[in-house]
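Asks: Please see the structure below; I have some questions.
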Amino acid sequence: MFLEAHAGRNTIVAVPNLGSRARRPIVEQSTMTEPLHELGRFAEPSLHILVSLSDGPKHGYAIMADVEAISGSPIGPGTLYGALARIERRGLIEALEPEQRRRPYRLTALGVTALEGQLEQLSSFARTGLSRLRGRTT
Amino acid sequence: MSKLLHLYPRSWRDRYAEEFVALLSERPPSLADRLDIVRGAIDARLQPQLQGPDRLPDRYGFSTLAGFGLLVGAALIMANGPVRYDEYGTYREGEGGLVFLLMAAVLLSAGLYRVVMRLPAAASVARISGWIAIIAGPVWSIMPWVMPLGVLFLVSVMLIAVGAGRAHIWPAWLVAIIILLPVVPAGLMAVLAFLPWYTLRVAEVNALILLAPVGGLWLAVGLGLLRGFPRPAAS
């Protein structure tokens with residue numbers, strides 16, 4: 001797993017390792033992020049969903065609205081449920097009893113741990129990048 | 001919107017359709033959302049982890065479906081080959097399509113191989129028939145005028161379908177389709193096998209129409225693979 005920063009839309013996201021082994025020492029691999037790194041194009045929406053659920057259970061529409069608010073980019077219904085299905089099967093979230101036809105989801109303990117690990121890695125990565133930028137001689 | 005939902009596999013719909021519809025009722029989908037739903041449906045069909053606990057789709061089905069394209073290409077090339085004359089009359093030279101026909105047959109054989117390997121050991125007749133079909137198909141494709149070979153191939157495919165149905169790999173409707181598709185072509189070939197070899201040439205157009213259902217085998221086997229195999233029990 002390697003983390004890369006995406007400057008677009010003011011977000012920093014986790015993506016699968018695309019680089020060489022030489023890049024790995026910058027951020028240590030964590031087993032806590034294992035469930036996300038293999039999600040391909042669903043890695044970013046999955047992270048957004050986990051962050052959205054970090055302050056409590058939400059149903060599909062509330063997640064969509066929240067993700068758009070926190071990331072600045074909308075998430076389509078097909079992508080939302082593709083990501084929900086994946087992280088649910090990985091045990092990072094769980095479905096609650098439906099309220100009318102809407103079914104809320106919440107983070108599991110594994111999901112909380114995975115999200116913490118993911119965000120700490122991103123934070124460490126961002127700090128490394130910022131400190132290098134500030135120490136750069138022009 | 002319900003039409004778009006039906007693009008998703010049944011197992012997915014069983015699990016998510018109700019809340020998905022609720023979501024769309026709260027936020028009517030834009031064109032971009034509809035495209036995203038189509039993309040999500042394709043993804044749900046391709047990803048085993050989204051298919052529910054019961055089946056694992058075999059993506060090789062796409063190759064078998066591509067074989068159908070090659071088969072159509074071969075038919076078009078053969079139907080538009082140069083006209084030749086001999087003592088039995090005129091005919092179209094179809095050798096140009098044989099390569100495509102062979103490739104199509106190889107792709108179908110590979111698809112059948114995927115099925116045969118999933119058949120239980122007890123389904124010995126179906127397994128033996130499978131190996132016969134896997135070999136007979138490509139051989140028949142390079143000499144399609146040898147009718148007994150064609151009959152052997154088609155009957156073998158029917159027996160694979162029966163075995164796959166009995167092993168609950170394929171549903172009854174798919175088995176029925178694979179059995180019914182080659183019935184008329186196999187019967188026609190069986191009759192032609194006892195007639196002079198140039199009979200097919202004399203009745204070329206009608207015979208080709210009767211043989212056309214054989215092409216449905218590529219579609220049926222391809223879709224059967226994409227539908228998936230029963231997921232092995234966890235150890």
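In the structure tokens, chains take letters A, B, ... by order of appearance, with residues numbered from 1 within each chain and ligands from 1 in the order shown.
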Could you give me, as a PyMOL selection string, the residues within 9 Å of Phe20 in chain B, counting only C-alpha atoms and dropping anything in the same chain fewer than 3 positions from it?

Replies: (chain A and resi 60+77+81+101-102) or (chain B and resi 5+13+16-17+23-25)

Asks: Enumerate as an mmCIF file with C-alpha atoms, in the first residue's frame the residues belonging to chain B that approach chain A to within 8 Å, with only C-alpha atoms taken into account.

Replies:
data_model
loop_
_atom_site.group_PDB
_atom_site.id
_atom_site.type_symbol
_atom_site.label_atom_id
_atom_site.label_comp_id
_atom_site.auth_asym_id
_atom_site.auth_seq_id
_atom_site.Cartn_x
_atom_site.Cartn_y
_atom_site.Cartn_z
ATOM 1 C CA GLU B 18 -35.265 -1.354 -1.564
ATOM 2 C CA GLU B 19 -32.900 1.169 -0.038
ATOM 3 C CA PHE B 20 -31.512 2.007 -3.480
ATOM 4 C CA ALA B 22 -35.542 4.913 -1.509
ATOM 5 C CA LEU B 23 -32.335 6.819 -2.213
ATOM 6 C CA LEU B 24 -33.367 7.580 -5.773
ATOM 7 C CA GLU B 26 -35.075 11.271 -2.386
ATOM 8 C CA ARG B 27 -32.676 12.367 -5.099
ATOM 9 C CA ALA B 32 -24.719 11.326 -14.899
ATOM 10 C CA ASP B 33 -26.325 9.382 -12.055
ATOM 11 C CA ASP B 36 -23.173 5.784 -12.833
ATOM 12 C CA ILE B 37 -25.922 3.281 -12.048
ATOM 13 C CA VAL B 38 -25.241 1.418 -15.303
ATOM 14 C CA ARG B 39 -21.543 1.385 -14.470
ATOM 15 C CA GLY B 40 -22.355 0.147 -10.980
ATOM 16 C CA ALA B 41 -24.510 -2.637 -12.424
ATOM 17 C CA ASP B 43 -19.340 -3.710 -11.769
ATOM 18 C CA ALA B 44 -21.781 -5.699 -9.627
ATOM 19 C CA GLN B 49 -17.847 -10.196 -3.790
ATOM 20 C CA LEU B 50 -21.001 -8.331 -4.802
#

Asks: Give me every helix (DSSP H, G or I) residue in range 121-223 of chain B, going by DSSP on the backbone, as a ChimeraX atom specification.

Replies: /B:124-142,147-166,172-180,183-192,199-202,204-223

Asks: Just checking: using only C-alpha atoms, which residue out of B:Ser141, B:Thr64, B:Ala121, B:Met189 ends up closest to Gly224 in chain B?

Replies: B:Thr64

Asks: For the atom pair CA of Arg45 in chain B and CA of Ile87 in chain A, what is the interatomic distance in Å to one decimal place?

Replies: 17.1 Å

Asks: Excluding Gly81 in chain B and any residue of its chain fewer than 4 positions from it, enumerate the residues within 8 Å of it, using only C-alpha atoms, and give them as a list in words.

Replies: Ile77, Arg92, Glu93, Gly94 and Gly96 of chain B

Asks: Would you output that residue set with C-alpha atoms, as a JSON list (two decimals), in the first residue's frame?

Replies:
[["chain", "number", "residue", "atom", "x", "y", "z"],
["B", 77, "ILE", "CA", -16.85, -13.86, -44.85],
["B", 92, "ARG", "CA", -19.03, -19.58, -52.68],
["B", 93, "GLU", "CA", -15.47, -20.16, -51.62],
["B", 94, "GLY", "CA", -15.56, -19.98, -47.81],
["B", 96, "GLY", "CA", -11.36, -17.16, -45.82]]

Asks: Pick out the residues sitting within 8 Å of range 107-112 of chain A, and hand them over as a list in words; count only C-alpha atoms, and ignore anything fewer than 5 positions along from it in its own chain.

Replies: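 So, after excluding close chain neighbours, the residues are Leu50, Leu53, Ser54, Gly56, Pro57, Gly91, Leu92, Ile93 and Glu94 of chain A.
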
Asks: Kindly save the residues from that selection, with N, CA, C and O atoms included, as a PDB file, in the first residue's frame.

Replies:
ATOM      1  N   LEU A  50     -16.482   6.119   4.883  1.00  0.00           N
ATOM      2  CA  LEU A  50     -16.061   5.833   6.260  1.00  0.00           C
ATOM      3  C   LEU A  50     -15.975   7.124   7.065  1.00  0.00           C
ATOM      4  O   LEU A  50     -16.395   7.182   8.225  1.00  0.00           O
ATOM      5  N   LEU A  53     -19.404   8.321   7.963  1.00  0.00           N
ATOM      6  CA  LEU A  53     -20.054   7.554   9.033  1.00  0.00           C
ATOM      7  C   LEU A  53     -19.347   7.718  10.378  1.00  0.00           C
ATOM      8  O   LEU A  53     -19.795   7.165  11.381  1.00  0.00           O
ATOM      9  N   SER A  54     -18.237   8.462  10.372  1.00  0.00           N
ATOM     10  CA  SER A  54     -17.444   8.540  11.609  1.00  0.00           C
ATOM     11  C   SER A  54     -18.174   9.316  12.713  1.00  0.00           C
ATOM     12  O   SER A  54     -17.838   9.175  13.886  1.00  0.00           O
ATOM     13  N   GLY A  56     -21.497   9.040  13.184  1.00  0.00           N
ATOM     14  CA  GLY A  56     -22.755   8.363  13.498  1.00  0.00           C
ATOM     15  C   GLY A  56     -23.367   7.704  12.276  1.00  0.00           C
ATOM     16  O   GLY A  56     -22.937   7.950  11.150  1.00  0.00           O
ATOM     17  N   PRO A  57     -24.361   6.848  12.496  1.00  0.00           N
ATOM     18  CA  PRO A  57     -24.984   6.116  11.383  1.00  0.00           C
ATOM     19  C   PRO A  57     -25.685   7.059  10.410  1.00  0.00           C
ATOM     20  O   PRO A  57     -26.218   8.103  10.815  1.00  0.00           O
ATOM     21  N   GLY A  91     -16.389  -5.945   6.408  1.00  0.00           N
ATOM     22  CA  GLY A  91     -16.650  -5.801   7.846  1.00  0.00           C
ATOM     23  C   GLY A  91     -16.320  -4.440   8.402  1.00  0.00           C
ATOM     24  O   GLY A  91     -16.206  -4.276   9.614  1.00  0.00           O
ATOM     25  N   LEU A  92     -16.156  -3.438   7.521  1.00  0.00           N
ATOM     26  CA  LEU A  92     -15.808  -2.103   8.013  1.00  0.00           C
ATOM     27  C   LEU A  92     -17.050  -1.314   8.421  1.00  0.00           C
ATOM     28  O   LEU A  92     -16.959  -0.398   9.232  1.00  0.00           O
ATOM     29  N   ILE A  93     -18.183  -1.664   7.823  1.00  0.00           N
ATOM     30  CA  ILE A  93     -19.451  -1.043   8.219  1.00  0.00           C
ATOM     31  C   ILE A  93     -20.476  -2.157   8.392  1.00  0.00           C
ATOM     32  O   ILE A  93     -20.264  -3.287   7.929  1.00  0.00           O
ATOM     33  N   GLU A  94     -21.564  -1.817   9.027  1.00  0.00           N
ATOM     34  CA  GLU A  94     -22.654  -2.794   9.145  1.00  0.00           C
ATOM     35  C   GLU A  94     -23.981  -2.087   8.941  1.00  0.00           C
ATOM     36  O   GLU A  94     -24.128  -0.896   9.253  1.00  0.00           O
TER      37      GLU A  94
END
